[in-house]
Amino acid sequence: MHLYNLVSYFLIFCSGLALGLTISFYLRDISFNLQLNQVITPTPTPAPTPPPQLPLKTKNLTRVGLKEYLKPPNVMHDMEDNELLWRASMVPRISELPFNRTPKVAFMFLTKGSVPLARLWELFFKGHEGLYSIYVHPNPSFNGTVPQHSVFHGRRVASKAVKWGEFSMVEAERRLLANALLDVSNQRFVLLSESCIPLFNFSTIYNYLMGSTETFVEVYDLPGPVGQGRFNRKMSPTIKLKQWRKGSQWFEMDRDLAIEVISDKKYFTIFERYCKPSCYSDEHYLPTYVNINFWKRNSNRTLTWVDWSKGGPHPSKFIRYDVTIDFLKRLRNGSKCVYNGKRTNICYLFARKFTAHALDRLLRFAPKLMQFN
């Protein structure tokens, strides 16, 4: 009996102990979960107060529109040739203009350094701002300065070295064209040298170019060693001997042809590969290219007069005592040609090669004879 009571008390004690432990662990688990939830659950932050709405002043808003696109770019940029040609080749598919445009003539000077006849050209351009653009491609080693008041100031393009008689001459021409095409207002493009002079005043030349229905790339077929003899038969079948042409380097063209020239890879690559001395690309690339593709709207003549009467690889130069009033009159009106289907005696708008020594007499005779201003 006594043993029975001991066993009973022991069982009751063990049951109480187990129940106490169970309740203790349960309460601790609840406390831990509550603490954990307090740690994990973020305290909500109040939403920031929105700033006060300021009333719109519509009267002071300036419309941008196409202003930035139409702004002529800085001519001294850091584009590589392939980037420049790509950008310049872009053409709008819609012909109607959503803005008023005053067409300009791009005067592109391919020089060794400065423009020695700049004072004459400054008189020519004076008073006609907004109707022309100027681009100068000198040798990259040229480090001369241009006075800030000059129309040539800030008009130097990013250039590369050019050697006479080499393909780099054609590359420089395309580089000038591409830079000029970046200005959407440029509609006619004239290539000039540092020794060129104008033969008429600005208004006459501007109206002559803007009114023309043709381009002015000299194109002719010349038998013999300095013409057909320069043709490389490896150019065939892309270019055939019967298509081969020669002409003056100094051209004038409209915007449509300029875009075609800077976009051409087919004929450009052939000339780059196969036209080596004594084949001179600057005398054959454009004449042949235009003859094959755009002969219908080309005049086949140049607007720049030169004197080849003495023969040799270079035309005659004109110094101080060569410049007379009679000489300049003969250059202005001493020829016959066709302009827009009609006969005319105004065939040349420019002439070369005039040295810096001729500038004094040009400044004395030209403004009055050519009626500058």
# chains A, B, ... in the order shown; residues from 1 in each chain; ligands from 1
>>> residues_around(residues="segment 162-176 of chain A", least_positions_apart="6", cutoff="7 Å", atoms="only C-alpha atoms", output="number ranges by chain")
A: 108, 135, 137, 139, 262, 272, 280-282
>>> write_last_selection(atoms="N, CA, C and O atoms", output="compact mmCIF listing (two decimals), in the first residue's frame")
# COMPACT_ATOMS: atom_id res chain seq x y z
N MET A 108 33.98 76.82 -101.87
CA MET A 108 34.88 75.85 -101.24
C MET A 108 36.30 76.06 -101.77
O MET A 108 36.57 75.85 -102.95
N TYR A 135 34.13 77.67 -97.09
CA TYR A 135 34.83 76.52 -96.51
C TYR A 135 36.25 76.51 -97.05
O TYR A 135 36.44 76.62 -98.27
N HIS A 137 39.92 74.38 -97.07
CA HIS A 137 40.61 73.12 -96.79
C HIS A 137 42.10 73.33 -97.04
O HIS A 137 42.61 73.12 -98.14
N ASN A 139 46.35 72.66 -96.01
CA ASN A 139 47.15 71.56 -95.51
C ASN A 139 47.06 71.54 -93.99
O ASN A 139 47.12 72.61 -93.35
N ILE A 262 29.37 62.49 -103.01
CA ILE A 262 29.93 62.08 -101.71
C ILE A 262 29.42 60.71 -101.28
O ILE A 262 29.99 60.09 -100.37
N GLU A 272 40.29 54.80 -106.91
CA GLU A 272 41.26 54.71 -105.83
C GLU A 272 42.22 53.55 -106.05
O GLU A 272 43.42 53.63 -105.74
N TYR A 280 45.62 60.80 -113.42
CA TYR A 280 45.36 61.79 -112.36
C TYR A 280 43.86 61.84 -112.08
O TYR A 280 43.07 62.31 -112.91
N SER A 281 43.48 61.37 -110.90
CA SER A 281 42.07 61.21 -110.57
C SER A 281 41.30 62.52 -110.59
O SER A 281 40.12 62.54 -110.97
N ASP A 282 41.95 63.62 -110.19
CA ASP A 282 41.22 64.90 -110.16
C ASP A 282 40.84 65.37 -111.56
O ASP A 282 39.94 66.20 -111.71
>>> residues_around(residues="Gly341 of chain A", least_positions_apart="5", cutoff="10 Å", atoms="only C-alpha atoms", output="list in words")
Thr213, Glu214 and Ser299 of chain A
>>> write_last_selection(atoms="N, CA and C atoms", output="short mmCIF file (atom, residue, chain, number, x, y, z; two decimals), in the first residue's frame")
data_model
loop_
_atom_site.label_atom_id
_atom_site.label_comp_id
_atom_site.auth_asym_id
_atom_site.auth_seq_id
_atom_site.Cartn_x
_atom_site.Cartn_y
_atom_site.Cartn_z
N THR A 213 19.80 75.58 -114.91
CA THR A 213 19.14 74.27 -114.90
C THR A 213 20.15 73.13 -115.05
N GLU A 214 21.44 73.49 -115.10
CA GLU A 214 22.49 72.49 -115.32
C GLU A 214 23.58 72.59 -114.27
N SER A 299 26.38 70.56 -118.16
CA SER A 299 26.72 71.44 -119.28
C SER A 299 28.00 71.01 -119.99
#
>>> closest_atom_pairs(of="segment 302-361 of chain A", to="segment 118-131 of chain A", cutoff="12 Å", atoms="only C-alpha atoms", output="JSON lines")
{"residue": "A:Phe350", "atom": "CA", "partner": "A:Trp121", "partner_atom": "CA", "distance": 11.5}
{"residue": "A:Phe354", "atom": "CA", "partner": "A:Leu120", "partner_atom": "CA", "distance": 11.6}
{"residue": "A:Thr355", "atom": "CA", "partner": "A:Ala118", "partner_atom": "CA", "distance": 11.7}
{"residue": "A:Ala356", "atom": "CA", "partner": "A:Ala118", "partner_atom": "CA", "distance": 9.7}
{"residue": "A:Ala358", "atom": "CA", "partner": "A:Leu120", "partner_atom": "CA", "distance": 10.7}
{"residue": "A:Leu359", "atom": "CA", "partner": "A:Leu120", "partner_atom": "CA", "distance": 7.4}
{"residue": "A:Asp360", "atom": "CA", "partner": "A:Leu120", "partner_atom": "CA", "distance": 9.3}
{"residue": "A:Arg361", "atom": "CA", "partner": "A:Leu120", "partner_atom": "CA", "distance": 10.4}
>>> write_last_selection(atoms="all heavy atoms", output="PDB file, in the first residue's frame")
ATOM      1  N   PHE A 350      34.811  82.707-112.917  1.00  0.00           N
ATOM      2  CA  PHE A 350      36.035  82.758-112.122  1.00  0.00           C
ATOM      3  C   PHE A 350      37.239  82.551-113.044  1.00  0.00           C
ATOM      4  O   PHE A 350      37.091  82.073-114.176  1.00  0.00           O
ATOM      5  CB  PHE A 350      36.028  81.676-111.037  1.00  0.00           C
ATOM      6  CG  PHE A 350      34.759  81.632-110.249  1.00  0.00           C
ATOM      7  CD1 PHE A 350      33.761  80.713-110.569  1.00  0.00           C
ATOM      8  CD2 PHE A 350      34.532  82.505-109.194  1.00  0.00           C
ATOM      9  CE1 PHE A 350      32.570  80.664-109.855  1.00  0.00           C
ATOM     10  CE2 PHE A 350      33.349  82.466-108.478  1.00  0.00           C
ATOM     11  CZ  PHE A 350      32.359  81.537-108.804  1.00  0.00           C
ATOM     12  N   PHE A 354      46.197  83.418-110.361  1.00  0.00           N
ATOM     13  CA  PHE A 354      46.686  84.748-110.046  1.00  0.00           C
ATOM     14  C   PHE A 354      47.513  84.680-108.767  1.00  0.00           C
ATOM     15  O   PHE A 354      47.089  84.107-107.764  1.00  0.00           O
ATOM     16  CB  PHE A 354      45.517  85.720-109.884  1.00  0.00           C
ATOM     17  CG  PHE A 354      44.823  86.030-111.172  1.00  0.00           C
ATOM     18  CD1 PHE A 354      43.861  85.159-111.685  1.00  0.00           C
ATOM     19  CD2 PHE A 354      45.130  87.170-111.901  1.00  0.00           C
ATOM     20  CE1 PHE A 354      43.218  85.429-112.890  1.00  0.00           C
ATOM     21  CE2 PHE A 354      44.497  87.445-113.108  1.00  0.00           C
ATOM     22  CZ  PHE A 354      43.548  86.575-113.606  1.00  0.00           C
ATOM     23  N   THR A 355      48.708  85.266-108.816  1.00  0.00           N
ATOM     24  CA  THR A 355      49.600  85.224-107.656  1.00  0.00           C
ATOM     25  C   THR A 355      49.268  86.365-106.701  1.00  0.00           C
ATOM     26  O   THR A 355      48.533  87.306-107.027  1.00  0.00           O
ATOM     27  CB  THR A 355      51.063  85.345-108.100  1.00  0.00           C
ATOM     28  OG1 THR A 355      51.278  86.669-108.638  1.00  0.00           O
ATOM     29  CG2 THR A 355      51.399  84.312-109.168  1.00  0.00           C
ATOM     30  N   ALA A 356      49.863  86.292-105.512  1.00  0.00           N
ATOM     31  CA  ALA A 356      49.656  87.352-104.520  1.00  0.00           C
ATOM     32  C   ALA A 356      50.212  88.679-105.015  1.00  0.00           C
ATOM     33  O   ALA A 356      49.736  89.750-104.618  1.00  0.00           O
ATOM     34  CB  ALA A 356      50.331  86.950-103.203  1.00  0.00           C
ATOM     35  N   ALA A 358      49.737  89.929-107.823  1.00  0.00           N
ATOM     36  CA  ALA A 358      48.744  90.577-108.682  1.00  0.00           C
ATOM     37  C   ALA A 358      47.642  91.250-107.879  1.00  0.00           C
ATOM     38  O   ALA A 358      46.801  91.952-108.454  1.00  0.00           O
ATOM     39  CB  ALA A 358      48.121  89.542-109.621  1.00  0.00           C
ATOM     40  N   LEU A 359      47.641  91.076-106.568  1.00  0.00           N
ATOM     41  CA  LEU A 359      46.532  91.567-105.747  1.00  0.00           C
ATOM     42  C   LEU A 359      46.368  93.077-105.825  1.00  0.00           C
ATOM     43  O   LEU A 359      45.236  93.581-105.908  1.00  0.00           O
ATOM     44  CB  LEU A 359      46.742  91.128-104.290  1.00  0.00           C
ATOM     45  CG  LEU A 359      45.653  91.571-103.306  1.00  0.00           C
ATOM     46  CD1 LEU A 359      44.291  91.010-103.708  1.00  0.00           C
ATOM     47  CD2 LEU A 359      46.002  91.121-101.892  1.00  0.00           C
ATOM     48  N   ASP A 360      47.487  93.813-105.810  1.00  0.00           N
ATOM     49  CA  ASP A 360      47.397  95.276-105.812  1.00  0.00           C
ATOM     50  C   ASP A 360      46.640  95.789-107.022  1.00  0.00           C
ATOM     51  O   ASP A 360      45.738  96.637-106.907  1.00  0.00           O
ATOM     52  CB  ASP A 360      48.807  95.874-105.763  1.00  0.00           C
ATOM     53  CG  ASP A 360      48.778  97.393-105.772  1.00  0.00           C
ATOM     54  OD1 ASP A 360      48.237  97.965-104.810  1.00  0.00           O
ATOM     55  OD2 ASP A 360      49.278  98.001-106.749  1.00  0.00           O
ATOM     56  N   ARG A 361      46.961  95.291-108.218  1.00  0.00           N
ATOM     57  CA  ARG A 361      46.274  95.756-109.428  1.00  0.00           C
ATOM     58  C   ARG A 361      44.853  95.200-109.509  1.00  0.00           C
ATOM     59  O   ARG A 361      43.960  95.859-110.051  1.00  0.00           O
ATOM     60  CB  ARG A 361      47.094  95.374-110.664  1.00  0.00           C
ATOM     61  CG  ARG A 361      48.391  96.160-110.756  1.00  0.00           C
ATOM     62  CD  ARG A 361      49.264  95.667-111.886  1.00  0.00           C
ATOM     63  NE  ARG A 361      48.776  96.068-113.199  1.00  0.00           N
ATOM     64  CZ  ARG A 361      49.211  97.150-113.862  1.00  0.00           C
ATOM     65  NH1 ARG A 361      50.112  97.944-113.307  1.00  0.00           N
ATOM     66  NH2 ARG A 361      48.751  97.430-115.056  1.00  0.00           N
TER      67      ARG A 361
END
>>> select_by_dssp(residues="segment 120-358 of chain A", states="helix (DSSP H, G or I)", output="mmCIF file with C-alpha atoms, in the first residue's frame")
data_model
loop_
_atom_site.group_PDB
_atom_site.id
_atom_site.type_symbol
_atom_site.label_atom_id
_atom_site.label_comp_id
_atom_site.auth_asym_id
_atom_site.auth_seq_id
_atom_site.Cartn_x
_atom_site.Cartn_y
_atom_site.Cartn_z
ATOM 1 C CA LEU A 120 39.640 90.832 -103.095
ATOM 2 C CA TRP A 121 37.198 88.126 -102.039
ATOM 3 C CA GLU A 122 36.178 90.142 -98.975
ATOM 4 C CA LEU A 123 35.145 93.003 -101.260
ATOM 5 C CA PHE A 124 33.260 90.498 -103.406
ATOM 6 C CA PHE A 125 31.302 89.063 -100.450
ATOM 7 C CA SER A 168 44.077 62.547 -101.968
ATOM 8 C CA MET A 169 42.982 65.454 -104.181
ATOM 9 C CA VAL A 170 39.628 63.762 -104.896
ATOM 10 C CA GLU A 171 39.246 62.868 -101.229
ATOM 11 C CA ALA A 172 39.739 66.533 -100.305
ATOM 12 C CA GLU A 173 37.107 67.617 -102.831
ATOM 13 C CA ARG A 174 34.589 65.193 -101.340
ATOM 14 C CA ARG A 175 35.536 66.343 -97.832
ATOM 15 C CA LEU A 176 34.740 69.931 -98.779
ATOM 16 C CA LEU A 177 31.464 68.924 -100.412
ATOM 17 C CA ALA A 178 30.411 66.890 -97.379
ATOM 18 C CA ASN A 179 31.110 69.760 -94.987
ATOM 19 C CA ALA A 180 29.139 72.153 -97.165
ATOM 20 C CA LEU A 181 26.210 69.727 -97.395
ATOM 21 C CA PHE A 202 28.332 88.650 -106.243
ATOM 22 C CA SER A 203 24.793 89.299 -107.477
ATOM 23 C CA THR A 204 25.658 88.325 -111.053
ATOM 24 C CA ILE A 205 27.354 85.097 -109.996
ATOM 25 C CA TYR A 206 24.634 84.204 -107.480
ATOM 26 C CA ASN A 207 21.843 84.693 -110.015
ATOM 27 C CA TYR A 208 23.783 82.820 -112.710
ATOM 28 C CA LEU A 209 24.208 79.776 -110.480
ATOM 29 C CA MET A 210 20.760 79.782 -108.878
ATOM 30 C CA GLN A 228 42.335 57.826 -123.291
ATOM 31 C CA GLY A 229 45.926 56.679 -122.741
ATOM 32 C CA ARG A 230 45.436 57.033 -118.988
ATOM 33 C CA ARG A 233 41.752 48.260 -118.462
ATOM 34 C CA LYS A 234 41.412 46.775 -114.981
ATOM 35 C CA MET A 235 38.625 49.322 -114.463
ATOM 36 C CA LEU A 241 37.104 52.944 -122.437
ATOM 37 C CA LYS A 242 34.237 54.545 -124.377
ATOM 38 C CA GLN A 243 32.975 56.056 -121.094
ATOM 39 C CA ARG A 255 22.913 69.857 -104.183
ATOM 40 C CA ASP A 256 21.530 66.734 -105.869
ATOM 41 C CA LEU A 257 24.786 65.995 -107.681
ATOM 42 C CA ALA A 258 26.881 66.877 -104.620
ATOM 43 C CA ILE A 259 25.019 64.249 -102.574
ATOM 44 C CA GLU A 260 25.581 61.665 -105.314
ATOM 45 C CA VAL A 261 29.299 62.434 -105.444
ATOM 46 C CA ILE A 262 29.935 62.083 -101.714
ATOM 47 C CA SER A 263 27.801 58.914 -101.580
ATOM 48 C CA LYS A 266 31.258 52.116 -106.873
ATOM 49 C CA TYR A 267 33.364 54.394 -109.094
ATOM 50 C CA PHE A 268 35.283 56.035 -106.242
ATOM 51 C CA THR A 269 36.737 52.667 -105.225
ATOM 52 C CA ILE A 270 37.699 51.804 -108.833
ATOM 53 C CA PHE A 271 39.614 55.073 -109.217
ATOM 54 C CA GLU A 272 41.260 54.706 -105.828
ATOM 55 C CA ARG A 273 42.513 51.254 -106.804
ATOM 56 C CA TYR A 274 43.505 51.678 -110.440
ATOM 57 C CA SER A 281 42.068 61.209 -110.569
ATOM 58 C CA ASP A 282 41.222 64.900 -110.158
ATOM 59 C CA GLU A 283 41.124 65.203 -113.981
ATOM 60 C CA HIS A 284 39.181 61.995 -114.653
ATOM 61 C CA TYR A 285 37.054 60.841 -111.714
ATOM 62 C CA LEU A 286 34.290 63.461 -111.810
ATOM 63 C CA PRO A 287 34.199 63.817 -115.625
ATOM 64 C CA THR A 288 33.885 60.033 -116.026
ATOM 65 C CA TYR A 289 31.403 59.626 -113.160
ATOM 66 C CA VAL A 290 29.165 62.438 -114.435
ATOM 67 C CA ASN A 291 29.456 61.236 -118.051
ATOM 68 C CA ILE A 292 28.193 57.774 -117.092
ATOM 69 C CA ASN A 293 25.431 58.760 -114.685
ATOM 70 C CA TRP A 295 25.226 63.594 -118.448
ATOM 71 C CA LYS A 296 21.667 64.737 -119.201
ATOM 72 C CA ARG A 297 21.754 67.674 -116.803
ATOM 73 C CA ARG A 320 51.162 92.058 -111.271
ATOM 74 C CA TYR A 321 51.872 93.368 -114.783
ATOM 75 C CA ASP A 322 49.608 90.807 -116.464
ATOM 76 C CA ILE A 325 41.499 96.260 -117.656
ATOM 77 C CA ASP A 326 41.528 94.853 -121.209
ATOM 78 C CA PHE A 327 42.735 91.483 -119.947
ATOM 79 C CA LEU A 328 39.957 91.277 -117.350
ATOM 80 C CA LYS A 329 37.352 92.334 -119.923
ATOM 81 C CA ARG A 330 38.497 89.573 -122.250
ATOM 82 C CA LEU A 331 38.097 86.990 -119.495
ATOM 83 C CA ARG A 332 34.608 88.269 -118.708
ATOM 84 C CA ASN A 333 33.115 88.475 -122.163
ATOM 85 C CA ALA A 356 49.656 87.352 -104.520
ATOM 86 C CA HIS A 357 51.777 89.883 -106.476
ATOM 87 C CA ALA A 358 48.744 90.577 -108.682
#
>>> decode(residues="segment 212-225 of chain A", atoms="all heavy atoms", output="compact mmCIF listing (two decimals), in the first residue's frame")
# COMPACT_ATOMS: atom_id res chain seq x y z
N SER A 212 20.52 78.51 -113.02
CA SER A 212 20.93 77.49 -113.99
C SER A 212 20.13 76.21 -113.81
O SER A 212 19.85 75.77 -112.69
CB SER A 212 22.42 77.20 -113.84
OG SER A 212 22.81 76.14 -114.69
N THR A 213 19.80 75.58 -114.91
CA THR A 213 19.14 74.27 -114.90
C THR A 213 20.15 73.13 -115.05
O THR A 213 19.76 71.97 -115.12
CB THR A 213 18.12 74.19 -116.04
OG1 THR A 213 18.81 74.39 -117.30
CG2 THR A 213 17.03 75.25 -115.89
N GLU A 214 21.44 73.49 -115.10
CA GLU A 214 22.49 72.49 -115.32
C GLU A 214 23.58 72.59 -114.27
O GLU A 214 23.67 73.58 -113.54
CB GLU A 214 23.11 72.67 -116.72
CG GLU A 214 22.14 72.45 -117.86
CD GLU A 214 22.79 72.68 -119.21
OE1 GLU A 214 23.42 73.76 -119.39
OE2 GLU A 214 22.70 71.79 -120.08
N THR A 215 24.42 71.57 -114.23
CA THR A 215 25.65 71.60 -113.43
C THR A 215 26.82 71.91 -114.35
O THR A 215 26.71 71.81 -115.58
CB THR A 215 25.87 70.26 -112.72
OG1 THR A 215 25.91 69.21 -113.69
CG2 THR A 215 24.75 69.99 -111.74
N PHE A 216 27.96 72.27 -113.76
CA PHE A 216 29.11 72.70 -114.56
C PHE A 216 30.35 71.88 -114.19
O PHE A 216 31.21 72.32 -113.43
CB PHE A 216 29.35 74.19 -114.36
CG PHE A 216 28.21 75.05 -114.83
CD1 PHE A 216 27.19 75.39 -113.95
CD2 PHE A 216 28.12 75.47 -116.16
CE1 PHE A 216 26.12 76.17 -114.37
CE2 PHE A 216 27.05 76.25 -116.60
CZ PHE A 216 26.05 76.59 -115.70
N VAL A 217 30.37 70.67 -114.74
CA VAL A 217 31.54 69.79 -114.62
C VAL A 217 32.08 69.59 -116.03
O VAL A 217 31.37 69.08 -116.91
CB VAL A 217 31.17 68.43 -114.00
CG1 VAL A 217 32.39 67.52 -113.93
CG2 VAL A 217 30.56 68.62 -112.62
N GLU A 218 33.31 70.02 -116.27
CA GLU A 218 33.88 69.90 -117.62
C GLU A 218 34.08 68.43 -117.97
O GLU A 218 34.70 67.68 -117.20
CB GLU A 218 35.19 70.66 -117.71
CG GLU A 218 35.72 70.72 -119.14
CD GLU A 218 36.99 71.53 -119.26
OE1 GLU A 218 37.93 71.31 -118.46
OE2 GLU A 218 37.05 72.39 -120.16
N VAL A 219 33.56 68.03 -119.12
CA VAL A 219 33.63 66.65 -119.58
C VAL A 219 33.95 66.64 -121.07
O VAL A 219 33.24 67.26 -121.87
CB VAL A 219 32.29 65.91 -119.34
CG1 VAL A 219 32.37 64.49 -119.90
CG2 VAL A 219 31.94 65.89 -117.86
N TYR A 220 35.04 65.96 -121.45
CA TYR A 220 35.32 65.81 -122.88
C TYR A 220 36.13 64.54 -123.09
O TYR A 220 36.80 64.03 -122.18
CB TYR A 220 36.05 67.03 -123.45
CG TYR A 220 37.36 67.37 -122.81
CD1 TYR A 220 38.56 66.84 -123.29
CD2 TYR A 220 37.43 68.27 -121.75
CE1 TYR A 220 39.77 67.16 -122.71
CE2 TYR A 220 38.63 68.61 -121.16
CZ TYR A 220 39.81 68.06 -121.64
OH TYR A 220 41.01 68.38 -121.07
N ASP A 221 36.06 64.04 -124.31
CA ASP A 221 36.79 62.83 -124.69
C ASP A 221 38.06 63.24 -125.40
O ASP A 221 38.00 63.98 -126.39
CB ASP A 221 35.90 61.96 -125.59
CG ASP A 221 36.53 60.62 -125.92
OD1 ASP A 221 37.52 60.26 -125.26
OD2 ASP A 221 36.04 59.93 -126.84
N LEU A 222 39.21 62.79 -124.92
CA LEU A 222 40.49 63.20 -125.48
C LEU A 222 41.31 61.98 -125.87
O LEU A 222 41.81 61.26 -125.02
CB LEU A 222 41.26 64.05 -124.47
CG LEU A 222 42.63 64.57 -124.94
CD1 LEU A 222 42.45 65.57 -126.08
CD2 LEU A 222 43.39 65.19 -123.77
N PRO A 223 41.46 61.74 -127.17
CA PRO A 223 42.35 60.64 -127.60
C PRO A 223 43.80 60.99 -127.26
O PRO A 223 44.14 62.14 -127.04
CB PRO A 223 42.13 60.60 -129.12
CG PRO A 223 40.85 61.34 -129.35
CD PRO A 223 40.77 62.39 -128.29
N GLY A 224 44.64 59.98 -127.22
CA GLY A 224 46.06 60.23 -126.99
C GLY A 224 46.50 59.86 -125.59
O GLY A 224 45.70 59.44 -124.74
N PRO A 225 47.79 60.03 -125.32
CA PRO A 225 48.37 59.54 -124.07
C PRO A 225 47.88 60.26 -122.81
O PRO A 225 47.89 59.68 -121.73
CB PRO A 225 49.88 59.77 -124.27
CG PRO A 225 49.98 60.82 -125.33
CD PRO A 225 48.81 60.62 -126.23
